[in-house]
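model23.cif follows; it contains mmCIF, N, CA, C and O atoms.
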data_work
loop_
_atom_site.label_atom_id
_atom_site.label_comp_id
_atom_site.auth_asym_id
_atom_site.auth_seq_id
_atom_site.Cartn_x
_atom_site.Cartn_y
_atom_site.Cartn_z
N MET T 1 7.74 7.77 1.32
CA MET T 1 8.67 6.76 1.77
C MET T 1 9.28 6.10 0.54
O MET T 1 8.55 5.59 -0.31
N ARG T 2 10.55 6.16 0.44
CA ARG T 2 11.31 5.48 -0.61
C ARG T 2 12.41 4.73 0.10
O ARG T 2 13.33 5.34 0.65
N LYS T 3 12.32 3.40 0.07
CA LYS T 3 13.28 2.65 0.87
C LYS T 3 13.51 1.26 0.29
O LYS T 3 12.58 0.62 -0.20
N THR T 4 14.75 0.79 0.39
CA THR T 4 15.10 -0.58 0.05
C THR T 4 15.24 -1.35 1.36
O THR T 4 16.02 -0.97 2.23
N PHE T 5 14.46 -2.41 1.49
CA PHE T 5 14.47 -3.22 2.70
C PHE T 5 15.29 -4.49 2.48
O PHE T 5 15.07 -5.20 1.50
N GLN T 6 16.21 -4.76 3.39
CA GLN T 6 17.01 -5.98 3.36
C GLN T 6 16.24 -7.07 4.10
O GLN T 6 15.84 -6.87 5.24
N LEU T 7 16.06 -8.23 3.49
CA LEU T 7 15.31 -9.31 4.11
C LEU T 7 16.18 -10.34 4.81
O LEU T 7 15.67 -11.17 5.55
N ARG T 8 17.46 -10.32 4.56
CA ARG T 8 18.36 -11.33 5.12
C ARG T 8 19.52 -10.72 5.91
O ARG T 8 20.67 -11.03 5.66
N PRO T 9 19.23 -9.86 6.89
CA PRO T 9 20.34 -9.33 7.68
C PRO T 9 20.94 -10.43 8.55
O PRO T 9 20.25 -11.35 9.00
N GLU T 10 22.22 -10.34 8.76
CA GLU T 10 22.94 -11.36 9.52
C GLU T 10 22.48 -11.38 10.97
O GLU T 10 22.34 -10.35 11.62
N GLY T 11 22.20 -12.58 11.46
CA GLY T 11 21.82 -12.75 12.86
C GLY T 11 20.35 -12.52 13.16
O GLY T 11 19.96 -12.49 14.32
N LYS T 12 19.52 -12.33 12.13
CA LYS T 12 18.10 -12.09 12.36
C LYS T 12 17.27 -13.09 11.57
O LYS T 12 17.63 -13.48 10.46
N ASN T 13 16.14 -13.47 12.14
CA ASN T 13 15.23 -14.39 11.48
C ASN T 13 14.51 -13.66 10.34
O ASN T 13 13.87 -12.63 10.58
N PRO T 14 14.58 -14.18 9.11
CA PRO T 14 13.96 -13.50 7.96
C PRO T 14 12.45 -13.29 8.13
O PRO T 14 11.91 -12.29 7.66
N ASP T 15 11.77 -14.23 8.80
CA ASP T 15 10.33 -14.06 9.01
C ASP T 15 10.03 -12.87 9.91
O ASP T 15 9.09 -12.11 9.66
N ARG T 16 10.83 -12.67 10.94
CA ARG T 16 10.63 -11.54 11.84
C ARG T 16 10.98 -10.24 11.15
O ARG T 16 10.34 -9.20 11.38
N VAL T 17 11.99 -10.27 10.30
CA VAL T 17 12.37 -9.06 9.55
C VAL T 17 11.23 -8.66 8.62
O VAL T 17 10.88 -7.48 8.54
N LEU T 18 10.62 -9.63 7.94
CA LEU T 18 9.51 -9.34 7.04
C LEU T 18 8.34 -8.74 7.81
O LEU T 18 7.74 -7.76 7.36
N GLU T 19 8.02 -9.30 8.95
CA GLU T 19 6.92 -8.75 9.76
C GLU T 19 7.23 -7.34 10.24
O GLU T 19 6.35 -6.49 10.28
N ALA T 20 8.49 -7.06 10.58
CA ALA T 20 8.89 -5.71 11.01
C ALA T 20 8.76 -4.72 9.85
O ALA T 20 8.33 -3.57 10.05
N VAL T 21 9.09 -5.15 8.65
CA VAL T 21 8.97 -4.28 7.47
C VAL T 21 7.49 -3.97 7.21
O VAL T 21 7.13 -2.81 6.96
N LYS T 22 6.64 -4.98 7.26
CA LYS T 22 5.21 -4.76 7.05
C LYS T 22 4.66 -3.79 8.10
O LYS T 22 3.85 -2.91 7.79
N HIS T 23 5.11 -3.96 9.35
CA HIS T 23 4.66 -3.07 10.42
C HIS T 23 5.08 -1.63 10.14
O HIS T 23 4.30 -0.69 10.32
N GLU T 24 6.32 -1.45 9.69
CA GLU T 24 6.82 -0.11 9.39
C GLU T 24 6.02 0.55 8.27
O GLU T 24 5.68 1.74 8.34
N ILE T 25 5.67 -0.21 7.24
CA ILE T 25 4.90 0.33 6.12
C ILE T 25 3.48 0.69 6.57
O ILE T 25 2.97 1.76 6.24
N ARG T 26 2.86 -0.18 7.34
CA ARG T 26 1.50 0.10 7.84
C ARG T 26 1.50 1.34 8.74
O ARG T 26 0.58 2.16 8.69
N LYS T 27 2.53 1.46 9.57
CA LYS T 27 2.65 2.61 10.47
C LYS T 27 2.81 3.90 9.66
O LYS T 27 2.21 4.92 9.99
N TYR T 28 3.60 3.87 8.59
CA TYR T 28 3.78 5.04 7.74
C TYR T 28 2.46 5.45 7.09
O TYR T 28 2.10 6.63 7.07
N ILE T 29 1.72 4.48 6.56
CA ILE T 29 0.45 4.77 5.90
C ILE T 29 -0.55 5.35 6.90
O ILE T 29 -1.24 6.33 6.61
N LYS T 30 -0.59 4.77 8.08
CA LYS T 30 -1.50 5.27 9.12
C LYS T 30 -1.14 6.71 9.51
O LYS T 30 -2.02 7.56 9.67
N ARG T 31 0.14 7.01 9.62
CA ARG T 31 0.59 8.36 9.97
C ARG T 31 0.23 9.35 8.87
O ARG T 31 -0.22 10.46 9.14
N GLU T 32 0.40 8.96 7.61
CA GLU T 32 0.07 9.85 6.50
C GLU T 32 -1.43 10.13 6.44
O GLU T 32 -1.85 11.23 6.13
N ARG T 33 -2.24 9.13 6.73
CA ARG T 33 -3.69 9.31 6.69
C ARG T 33 -4.19 10.21 7.81
O ARG T 33 -5.30 10.76 7.71
N ARG T 34 -3.43 10.37 8.88
CA ARG T 34 -3.82 11.24 9.99
C ARG T 34 -3.54 12.71 9.70
O ARG T 34 -4.03 13.58 10.41
N ARG T 35 -2.74 13.00 8.69
CA ARG T 35 -2.43 14.38 8.36
C ARG T 35 -3.70 15.14 8.01
O ARG T 35 -4.66 14.58 7.50
N VAL T 36 -3.68 16.42 8.26
CA VAL T 36 -4.83 17.27 7.97
C VAL T 36 -5.01 17.37 6.45
O VAL T 36 -4.04 17.60 5.72
N LEU T 37 -6.24 17.21 6.01
CA LEU T 37 -6.54 17.30 4.58
C LEU T 37 -6.62 18.75 4.14
O LEU T 37 -7.23 19.58 4.80
N PRO T 38 -6.02 19.09 3.01
CA PRO T 38 -6.16 20.44 2.47
C PRO T 38 -7.60 20.71 2.02
O PRO T 38 -8.39 19.78 1.85
N GLU T 39 -7.91 21.95 1.83
CA GLU T 39 -9.25 22.36 1.40
C GLU T 39 -9.58 21.72 0.05
O GLU T 39 -8.78 21.75 -0.88
N GLY T 40 -10.77 21.11 -0.06
CA GLY T 40 -11.22 20.52 -1.31
C GLY T 40 -10.74 19.10 -1.56
O GLY T 40 -10.99 18.54 -2.62
N VAL T 41 -10.07 18.49 -0.60
CA VAL T 41 -9.57 17.12 -0.74
C VAL T 41 -10.41 16.20 0.12
O VAL T 41 -10.72 16.52 1.26
N ASP T 42 -10.79 15.02 -0.42
CA ASP T 42 -11.64 14.09 0.30
C ASP T 42 -10.86 13.11 1.17
O ASP T 42 -11.32 12.72 2.24
N TYR T 43 -9.72 12.65 0.69
CA TYR T 43 -8.94 11.64 1.42
C TYR T 43 -7.51 11.61 0.89
O TYR T 43 -7.21 12.21 -0.13
N TRP T 44 -6.64 10.91 1.60
CA TRP T 44 -5.27 10.72 1.15
C TRP T 44 -5.21 9.45 0.31
O TRP T 44 -5.61 8.38 0.74
N ASP T 45 -4.69 9.56 -0.90
CA ASP T 45 -4.48 8.44 -1.78
C ASP T 45 -2.97 8.20 -1.86
O ASP T 45 -2.19 9.06 -1.44
N PHE T 46 -2.55 7.06 -2.38
CA PHE T 46 -1.12 6.75 -2.41
C PHE T 46 -0.71 6.23 -3.77
O PHE T 46 -1.39 5.40 -4.37
N ASP T 47 0.42 6.75 -4.26
CA ASP T 47 1.08 6.21 -5.44
C ASP T 47 2.15 5.26 -4.94
O ASP T 47 3.01 5.67 -4.14
N CYS T 48 2.13 4.02 -5.39
CA CYS T 48 3.07 3.01 -4.90
C CYS T 48 3.85 2.40 -6.06
O CYS T 48 3.31 2.21 -7.14
N ARG T 49 5.09 2.08 -5.77
CA ARG T 49 5.95 1.34 -6.70
C ARG T 49 6.63 0.25 -5.90
O ARG T 49 6.97 0.44 -4.73
N PHE T 50 6.86 -0.91 -6.53
CA PHE T 50 7.48 -2.03 -5.85
C PHE T 50 8.37 -2.77 -6.83
O PHE T 50 8.02 -2.93 -8.00
N GLY T 51 9.52 -3.24 -6.35
CA GLY T 51 10.42 -4.03 -7.18
C GLY T 51 11.56 -4.59 -6.36
O GLY T 51 11.73 -4.26 -5.18
N THR T 52 12.36 -5.45 -6.97
CA THR T 52 13.51 -6.01 -6.27
C THR T 52 14.63 -4.98 -6.12
O THR T 52 15.47 -5.12 -5.25
N ALA T 53 14.60 -3.96 -6.97
CA ALA T 53 15.56 -2.85 -6.88
C ALA T 53 14.84 -1.57 -7.32
O ALA T 53 13.78 -1.63 -7.94
N GLU T 54 15.41 -0.43 -7.01
CA GLU T 54 14.78 0.85 -7.35
C GLU T 54 14.59 0.99 -8.86
O GLU T 54 13.57 1.50 -9.31
N GLU T 55 15.56 0.54 -9.63
CA GLU T 55 15.48 0.66 -11.08
C GLU T 55 14.41 -0.24 -11.67
O GLU T 55 13.86 0.04 -12.73
N ALA T 56 14.09 -1.36 -11.00
CA ALA T 56 13.12 -2.33 -11.52
C ALA T 56 11.73 -2.13 -10.93
O ALA T 56 10.84 -2.94 -11.18
N ALA T 57 11.51 -1.08 -10.16
CA ALA T 57 10.23 -0.87 -9.49
C ALA T 57 9.15 -0.51 -10.50
O ALA T 57 9.37 0.29 -11.40
N ALA T 58 7.98 -1.13 -10.31
CA ALA T 58 6.84 -0.88 -11.19
C ALA T 58 5.67 -0.37 -10.36
O ALA T 58 5.55 -0.72 -9.18
N PRO T 59 4.79 0.44 -10.95
CA PRO T 59 3.61 0.92 -10.21
C PRO T 59 2.69 -0.23 -9.81
O PRO T 59 2.44 -1.14 -10.59
N VAL T 60 2.22 -0.20 -8.56
CA VAL T 60 1.29 -1.20 -8.03
C VAL T 60 0.24 -0.49 -7.18
O VAL T 60 0.42 0.66 -6.79
N HIS T 61 -0.83 -1.20 -6.88
CA HIS T 61 -1.86 -0.67 -6.00
C HIS T 61 -1.44 -0.92 -4.55
O HIS T 61 -0.75 -1.90 -4.25
N LEU T 62 -1.84 -0.05 -3.65
CA LEU T 62 -1.48 -0.16 -2.24
C LEU T 62 -1.87 -1.52 -1.65
O LEU T 62 -1.11 -2.10 -0.88
N ASN T 63 -3.03 -2.05 -2.04
CA ASN T 63 -3.49 -3.33 -1.50
C ASN T 63 -2.65 -4.51 -1.95
O ASN T 63 -2.71 -5.58 -1.34
N GLU T 64 -1.86 -4.37 -2.99
CA GLU T 64 -1.04 -5.47 -3.51
C GLU T 64 0.32 -5.56 -2.84
O GLU T 64 1.02 -6.55 -3.02
N LEU T 65 0.72 -4.56 -2.07
CA LEU T 65 2.06 -4.53 -1.51
C LEU T 65 2.38 -5.73 -0.63
O LEU T 65 3.43 -6.34 -0.76
N THR T 66 1.48 -6.09 0.27
CA THR T 66 1.75 -7.18 1.20
C THR T 66 1.97 -8.49 0.45
O THR T 66 2.89 -9.25 0.76
N GLY T 67 1.14 -8.76 -0.53
CA GLY T 67 1.30 -9.99 -1.32
C GLY T 67 2.61 -10.01 -2.08
O GLY T 67 3.26 -11.06 -2.18
N LEU T 68 3.02 -8.88 -2.62
CA LEU T 68 4.29 -8.80 -3.34
C LEU T 68 5.48 -9.00 -2.40
O LEU T 68 6.45 -9.66 -2.75
N MET T 69 5.38 -8.44 -1.19
CA MET T 69 6.45 -8.63 -0.21
C MET T 69 6.56 -10.10 0.18
O MET T 69 7.66 -10.65 0.28
N ASP T 70 5.41 -10.74 0.38
CA ASP T 70 5.41 -12.17 0.71
C ASP T 70 6.02 -13.00 -0.41
O ASP T 70 6.75 -13.96 -0.15
N ALA T 71 5.72 -12.64 -1.66
CA ALA T 71 6.26 -13.39 -2.80
C ALA T 71 7.78 -13.28 -2.86
O ALA T 71 8.46 -14.27 -3.12
N VAL T 72 8.32 -12.10 -2.62
CA VAL T 72 9.78 -11.92 -2.64
C VAL T 72 10.41 -12.71 -1.50
O VAL T 72 11.44 -13.37 -1.68
N ALA T 73 9.80 -12.68 -0.33
CA ALA T 73 10.34 -13.42 0.82
C ALA T 73 10.27 -14.93 0.57
O ALA T 73 11.20 -15.66 0.93
N LYS T 74 9.19 -15.39 -0.03
CA LYS T 74 9.03 -16.82 -0.31
C LYS T 74 10.05 -17.29 -1.34
O LYS T 74 10.52 -18.42 -1.28
N ALA T 75 10.39 -16.43 -2.29
CA ALA T 75 11.39 -16.76 -3.30
C ALA T 75 12.81 -16.57 -2.79
O ALA T 75 13.77 -16.68 -3.56
N ALA T 76 12.95 -16.28 -1.50
CA ALA T 76 14.25 -16.08 -0.84
C ALA T 76 15.02 -14.91 -1.44
O ALA T 76 16.24 -14.94 -1.55
N GLY T 77 14.30 -13.87 -1.81
CA GLY T 77 14.95 -12.66 -2.32
C GLY T 77 15.69 -11.93 -1.21
O GLY T 77 15.24 -11.91 -0.07
N PRO T 78 16.82 -11.33 -1.52
CA PRO T 78 17.61 -10.66 -0.48
C PRO T 78 17.07 -9.29 -0.07
O PRO T 78 17.32 -8.82 1.04
N GLN T 79 16.32 -8.63 -0.98
CA GLN T 79 15.85 -7.28 -0.70
C GLN T 79 14.69 -6.93 -1.62
O GLN T 79 14.43 -7.63 -2.60
N PHE T 80 14.00 -5.83 -1.30
CA PHE T 80 13.02 -5.26 -2.21
C PHE T 80 12.93 -3.77 -1.94
O PHE T 80 13.31 -3.28 -0.89
N TYR T 81 12.43 -3.05 -2.95
CA TYR T 81 12.30 -1.60 -2.90
C TYR T 81 10.83 -1.24 -2.86
O TYR T 81 10.02 -1.79 -3.62
N VAL T 82 10.46 -0.33 -1.96
CA VAL T 82 9.08 0.14 -1.84
C VAL T 82 9.10 1.66 -1.89
O VAL T 82 9.90 2.30 -1.22
N GLU T 83 8.18 2.21 -2.69
CA GLU T 83 8.00 3.65 -2.75
C GLU T 83 6.52 3.93 -2.55
O GLU T 83 5.68 3.42 -3.29
N ILE T 84 6.21 4.71 -1.52
CA ILE T 84 4.83 5.08 -1.22
C ILE T 84 4.78 6.60 -1.07
O ILE T 84 5.43 7.15 -0.19
N LEU T 85 4.03 7.25 -1.95
CA LEU T 85 3.92 8.70 -1.92
C LEU T 85 2.45 9.10 -1.76
O LEU T 85 1.60 8.65 -2.54
N ALA T 86 2.16 9.92 -0.77
CA ALA T 86 0.79 10.37 -0.52
C ALA T 86 0.41 11.43 -1.55
O ALA T 86 1.24 12.25 -1.97
N LYS T 87 -0.85 11.38 -1.98
CA LYS T 87 -1.37 12.39 -2.91
C LYS T 87 -2.81 12.69 -2.53
O LYS T 87 -3.43 11.95 -1.77
N HIS T 88 -3.34 13.76 -3.05
CA HIS T 88 -4.72 14.16 -2.77
C HIS T 88 -5.68 13.24 -3.52
O HIS T 88 -5.46 12.93 -4.68
N GLY T 89 -6.75 12.83 -2.83
CA GLY T 89 -7.76 11.99 -3.45
C GLY T 89 -9.10 12.70 -3.49
O GLY T 89 -9.47 13.40 -2.55
N HIS T 90 -9.81 12.52 -4.58
CA HIS T 90 -11.14 13.11 -4.73
C HIS T 90 -12.12 11.99 -5.07
O HIS T 90 -11.92 11.25 -6.02
N ARG T 91 -13.17 11.87 -4.28
CA ARG T 91 -14.19 10.84 -4.51
C ARG T 91 -15.02 11.21 -5.72
O ARG T 91 -15.34 12.37 -5.96
N LYS T 92 -15.40 10.17 -6.48
CA LYS T 92 -16.25 10.36 -7.65
C LYS T 92 -17.63 9.81 -7.33
O LYS T 92 -17.78 8.80 -6.67
N ALA T 93 -18.65 10.49 -7.81
CA ALA T 93 -20.03 10.05 -7.59
C ALA T 93 -20.30 8.78 -8.38
O ALA T 93 -19.81 8.62 -9.51
N ARG T 94 -21.08 7.87 -7.78
CA ARG T 94 -21.47 6.65 -8.48
C ARG T 94 -22.50 6.98 -9.56
O ARG T 94 -23.29 7.90 -9.40
N PRO T 95 -22.54 6.19 -10.62
CA PRO T 95 -23.58 6.40 -11.63
C PRO T 95 -24.95 6.17 -11.00
O PRO T 95 -25.12 5.33 -10.12
N ALA T 96 -25.96 6.90 -11.46
CA ALA T 96 -27.30 6.86 -10.87
C ALA T 96 -27.92 5.47 -10.95
O ALA T 96 -28.55 5.01 -10.01
N GLU T 97 -27.76 4.74 -12.06
CA GLU T 97 -28.40 3.43 -12.19
C GLU T 97 -27.74 2.38 -11.29
O GLU T 97 -28.40 1.46 -10.84
N ALA T 98 -26.47 2.50 -10.98
CA ALA T 98 -25.80 1.53 -10.11
C ALA T 98 -26.21 1.74 -8.66
O ALA T 98 -26.31 0.79 -7.89
N ALA T 99 -26.47 2.96 -8.26
CA ALA T 99 -26.82 3.25 -6.87
C ALA T 99 -28.32 3.15 -6.62
O ALA T 99 -28.76 3.14 -5.48
N ALA T 100 -29.15 3.04 -7.66
CA ALA T 100 -30.60 3.05 -7.51
C ALA T 100 -31.13 1.83 -6.78
O ALA T 100 -31.87 1.94 -5.81
N ASP T 101 -30.78 0.62 -7.21
CA ASP T 101 -31.31 -0.60 -6.59
C ASP T 101 -30.19 -1.62 -6.44
O ASP T 101 -29.80 -2.29 -7.41
N PRO T 102 -29.63 -1.79 -5.24
CA PRO T 102 -28.51 -2.70 -5.06
C PRO T 102 -28.90 -4.15 -5.25
O PRO T 102 -28.06 -4.99 -5.55
N LEU T 103 -30.16 -4.54 -5.13
CA LEU T 103 -30.57 -5.93 -5.32
C LEU T 103 -30.53 -6.34 -6.78
O LEU T 103 -30.31 -7.50 -7.09
N GLN T 104 -30.74 -5.41 -7.68
CA GLN T 104 -30.71 -5.75 -9.10
C GLN T 104 -29.29 -5.80 -9.64
O GLN T 104 -29.09 -6.24 -10.76
N ALA T 105 -28.32 -5.40 -8.85
CA ALA T 105 -26.94 -5.43 -9.30
C ALA T 105 -26.46 -6.87 -9.47
O ALA T 105 -25.66 -7.17 -10.32
N ASP T 106 -26.99 -7.82 -8.64
CA ASP T 106 -26.60 -9.21 -8.72
C ASP T 106 -27.86 -10.05 -8.92
O ASP T 106 -28.54 -10.37 -7.96
N PRO T 107 -28.19 -10.41 -10.15
CA PRO T 107 -29.44 -11.13 -10.40
C PRO T 107 -29.41 -12.56 -9.87
O PRO T 107 -30.45 -13.20 -9.77
N GLY T 108 -28.28 -13.08 -9.47
CA GLY T 108 -28.18 -14.45 -8.98
C GLY T 108 -28.69 -14.62 -7.57
O GLY T 108 -28.90 -15.73 -7.10
N THR T 109 -28.93 -13.55 -6.83
CA THR T 109 -29.41 -13.67 -5.47
C THR T 109 -30.93 -13.60 -5.45
O THR T 109 -31.54 -12.80 -6.14
N ALA T 110 -31.53 -14.47 -4.69
CA ALA T 110 -32.99 -14.49 -4.59
C ALA T 110 -33.38 -14.04 -3.18
O ALA T 110 -32.72 -14.36 -2.20
N THR T 111 -34.46 -13.31 -3.08
CA THR T 111 -34.92 -12.84 -1.78
C THR T 111 -36.20 -13.52 -1.37
O THR T 111 -36.95 -14.00 -2.13
#
For the structure just supplied, provide its representation as structure tokens.
Amino acid sequence: MRKTFQLRPEGKNPDRVLEAVKHEIRKYIKRERRRVLPEGVDYWDFDCRFGTAEEAAAPVHLNELTGLMDAVAKAAGPQFYVEILAKHGHRKARPAEAAADPLQADPGTAT
């Protein structure tokens, strides 16, 4: 998905437009995650870019998109650009000492 979203269309409430944009992005991500995984792939990962324009877009993490959209809307920005591309993800094994005893990971908790 590569798209520039207008936040101030004439005759529409900007808050409703922002919620519709968030819904469209969540729906796209959900649809991509439902695709069949190729052999040897653990999950679908996403490369994301966000900016006020396509030329100014910078790489961001998927979890940061909603906050960035809210920030642009709060600053009364007229538009923003979102790019979300699905890629193959491979899980990495945790180090043995981190997975051995989860209680020792946080010494501040007492049992």
Discussion item. To test your reading of the structure, identify every residue in chain T that backbone DSSP assigns to strand (DSSP E or B), and report it as a PyMOL selection string.
Written reply: chain T and resi 2-6+43-51+58-60+79-89
For the residues selected in the previous step, produce a file with N, CA, C and O atoms as an mmCIF file, keeping the file's coordinate frame.
data_model
loop_
_atom_site.group_PDB
_atom_site.id
_atom_site.type_symbol
_atom_site.label_atom_id
_atom_site.label_comp_id
_atom_site.auth_asym_id
_atom_site.auth_seq_id
_atom_site.Cartn_x
_atom_site.Cartn_y
_atom_site.Cartn_z
ATOM 1 N N ARG T 2 10.550 6.160 0.440
ATOM 2 C CA ARG T 2 11.310 5.480 -0.610
ATOM 3 C C ARG T 2 12.410 4.730 0.100
ATOM 4 O O ARG T 2 13.330 5.340 0.650
ATOM 5 N N LYS T 3 12.320 3.400 0.070
ATOM 6 C CA LYS T 3 13.280 2.650 0.870
ATOM 7 C C LYS T 3 13.510 1.260 0.290
ATOM 8 O O LYS T 3 12.580 0.620 -0.200
ATOM 9 N N THR T 4 14.750 0.790 0.390
ATOM 10 C CA THR T 4 15.100 -0.580 0.050
ATOM 11 C C THR T 4 15.240 -1.350 1.360
ATOM 12 O O THR T 4 16.020 -0.970 2.230
ATOM 13 N N PHE T 5 14.460 -2.410 1.490
ATOM 14 C CA PHE T 5 14.470 -3.220 2.700
ATOM 15 C C PHE T 5 15.290 -4.490 2.480
ATOM 16 O O PHE T 5 15.070 -5.200 1.500
ATOM 17 N N GLN T 6 16.210 -4.760 3.390
ATOM 18 C CA GLN T 6 17.010 -5.980 3.360
ATOM 19 C C GLN T 6 16.240 -7.070 4.100
ATOM 20 O O GLN T 6 15.840 -6.870 5.240
ATOM 21 N N TYR T 43 -9.720 12.650 0.690
ATOM 22 C CA TYR T 43 -8.940 11.640 1.420
ATOM 23 C C TYR T 43 -7.510 11.610 0.890
ATOM 24 O O TYR T 43 -7.210 12.210 -0.130
ATOM 25 N N TRP T 44 -6.640 10.910 1.600
ATOM 26 C CA TRP T 44 -5.270 10.720 1.150
ATOM 27 C C TRP T 44 -5.210 9.450 0.310
ATOM 28 O O TRP T 44 -5.610 8.380 0.740
ATOM 29 N N ASP T 45 -4.690 9.560 -0.900
ATOM 30 C CA ASP T 45 -4.480 8.440 -1.780
ATOM 31 C C ASP T 45 -2.970 8.200 -1.860
ATOM 32 O O ASP T 45 -2.190 9.060 -1.440
ATOM 33 N N PHE T 46 -2.550 7.060 -2.380
ATOM 34 C CA PHE T 46 -1.120 6.750 -2.410
ATOM 35 C C PHE T 46 -0.710 6.230 -3.770
ATOM 36 O O PHE T 46 -1.390 5.400 -4.370
ATOM 37 N N ASP T 47 0.420 6.750 -4.260
ATOM 38 C CA ASP T 47 1.080 6.210 -5.440
ATOM 39 C C ASP T 47 2.150 5.260 -4.940
ATOM 40 O O ASP T 47 3.010 5.670 -4.140
ATOM 41 N N CYS T 48 2.130 4.020 -5.390
ATOM 42 C CA CYS T 48 3.070 3.010 -4.900
ATOM 43 C C CYS T 48 3.850 2.400 -6.060
ATOM 44 O O CYS T 48 3.310 2.210 -7.140
ATOM 45 N N ARG T 49 5.090 2.080 -5.770
ATOM 46 C CA ARG T 49 5.950 1.340 -6.700
ATOM 47 C C ARG T 49 6.630 0.250 -5.900
ATOM 48 O O ARG T 49 6.970 0.440 -4.730
ATOM 49 N N PHE T 50 6.860 -0.910 -6.530
ATOM 50 C CA PHE T 50 7.480 -2.030 -5.850
ATOM 51 C C PHE T 50 8.370 -2.770 -6.830
ATOM 52 O O PHE T 50 8.020 -2.930 -8.000
ATOM 53 N N GLY T 51 9.520 -3.240 -6.350
ATOM 54 C CA GLY T 51 10.420 -4.030 -7.180
ATOM 55 C C GLY T 51 11.560 -4.590 -6.360
ATOM 56 O O GLY T 51 11.730 -4.260 -5.180
ATOM 57 N N ALA T 58 7.980 -1.130 -10.310
ATOM 58 C CA ALA T 58 6.840 -0.880 -11.190
ATOM 59 C C ALA T 58 5.670 -0.370 -10.360
ATOM 60 O O ALA T 58 5.550 -0.720 -9.180
ATOM 61 N N PRO T 59 4.790 0.440 -10.950
ATOM 62 C CA PRO T 59 3.610 0.920 -10.210
ATOM 63 C C PRO T 59 2.690 -0.230 -9.810
ATOM 64 O O PRO T 59 2.440 -1.140 -10.590
ATOM 65 N N VAL T 60 2.220 -0.200 -8.560
ATOM 66 C CA VAL T 60 1.290 -1.200 -8.030
ATOM 67 C C VAL T 60 0.240 -0.490 -7.180
ATOM 68 O O VAL T 60 0.420 0.660 -6.790
ATOM 69 N N GLN T 79 16.320 -8.630 -0.980
ATOM 70 C CA GLN T 79 15.850 -7.280 -0.700
ATOM 71 C C GLN T 79 14.690 -6.930 -1.620
ATOM 72 O O GLN T 79 14.430 -7.630 -2.600
ATOM 73 N N PHE T 80 14.000 -5.830 -1.300
ATOM 74 C CA PHE T 80 13.020 -5.260 -2.210
ATOM 75 C C PHE T 80 12.930 -3.770 -1.940
ATOM 76 O O PHE T 80 13.310 -3.280 -0.890
ATOM 77 N N TYR T 81 12.430 -3.050 -2.950
ATOM 78 C CA TYR T 81 12.300 -1.600 -2.900
ATOM 79 C C TYR T 81 10.830 -1.240 -2.860
ATOM 80 O O TYR T 81 10.020 -1.790 -3.620
ATOM 81 N N VAL T 82 10.460 -0.330 -1.960
ATOM 82 C CA VAL T 82 9.080 0.140 -1.840
ATOM 83 C C VAL T 82 9.100 1.660 -1.890
ATOM 84 O O VAL T 82 9.900 2.300 -1.220
ATOM 85 N N GLU T 83 8.180 2.210 -2.690
ATOM 86 C CA GLU T 83 8.000 3.650 -2.750
ATOM 87 C C GLU T 83 6.520 3.930 -2.550
ATOM 88 O O GLU T 83 5.680 3.420 -3.290
ATOM 89 N N ILE T 84 6.210 4.710 -1.520
ATOM 90 C CA ILE T 84 4.830 5.080 -1.220
ATOM 91 C C ILE T 84 4.780 6.600 -1.070
ATOM 92 O O ILE T 84 5.430 7.150 -0.190
ATOM 93 N N LEU T 85 4.030 7.250 -1.950
ATOM 94 C CA LEU T 85 3.920 8.700 -1.920
ATOM 95 C C LEU T 85 2.450 9.100 -1.760
ATOM 96 O O LEU T 85 1.600 8.650 -2.540
ATOM 97 N N ALA T 86 2.160 9.920 -0.770
ATOM 98 C CA ALA T 86 0.790 10.370 -0.520
ATOM 99 C C ALA T 86 0.410 11.430 -1.550
ATOM 100 O O ALA T 86 1.240 12.250 -1.970
ATOM 101 N N LYS T 87 -0.850 11.380 -1.980
ATOM 102 C CA LYS T 87 -1.370 12.390 -2.910
ATOM 103 C C LYS T 87 -2.810 12.690 -2.530
ATOM 104 O O LYS T 87 -3.430 11.950 -1.770
ATOM 105 N N HIS T 88 -3.340 13.760 -3.050
ATOM 106 C CA HIS T 88 -4.720 14.160 -2.770
ATOM 107 C C HIS T 88 -5.680 13.240 -3.520
ATOM 108 O O HIS T 88 -5.460 12.930 -4.680
ATOM 109 N N GLY T 89 -6.750 12.830 -2.830
ATOM 110 C CA GLY T 89 -7.760 11.990 -3.450
ATOM 111 C C GLY T 89 -9.100 12.700 -3.490
ATOM 112 O O GLY T 89 -9.470 13.400 -2.550
#
Discussion item. As a list in words, please: every residue in stretch 59-94 of chain T that DSSP puts in alpha helix (DSSP H).
Written reply: Leu65, Thr66, Gly67, Leu68, Met69, Asp70, Ala71, Val72, Ala73 and Lys74 of chain T
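Using the PyMOL selection byres (((chain T and resi 91 and name CA) around 9) and name CA) on the file at hand returns these residues: Val41, Asp42, Tyr43, Gly89, His90, Lys92 and Ala93 of chain T.
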Item to complete: Apply the PyMOL selection byres ((chain T and resi 77-80) around 7) to the file shown and report the selected residues as a count of residues only.
Response: 20
Practice prompt. Can you pull out every residue within 8 Å of T:Trp44, counting only N, CA, C and O atoms, but drop anything in the same chain fewer than 6 positions away, and send it as a ChimeraX atom specification?
Written response: /T:29,32-35,37,85-90
Worksheet item: What is the distance between atom CA of T:Leu65 and atom CA of T:Asn13, in Å to one decimal?
Response: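 Taking atom CA of T:Leu65 and atom CA of T:Asn13, their separation equals 21.0 Å.
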Discussion item. I'd like the interatomic distance between atom CA of T:Glu19 and atom CA of T:Glu64, to a tenth of an Å.
Written reply: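 Atom-to-atom, atom CA of T:Glu19 to atom CA of T:Glu64, that is 15.8 Å.
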Item to complete: Would you work out the distance separating atom CA of T:His61 from atom CA of T:Arg2, expressed in Å to one decimal?
Response: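 Separation between atom CA of T:His61 and atom CA of T:Arg2: 15.5 Å.
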Worksheet entry | Given only N, CA, C and O atoms as the counted atoms, nearest of T:Lys27, T:Phe46, T:Ala96, T:Met1 to T:Asn63 |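 Under the stated criterion, the closest residue is T:Phe46.
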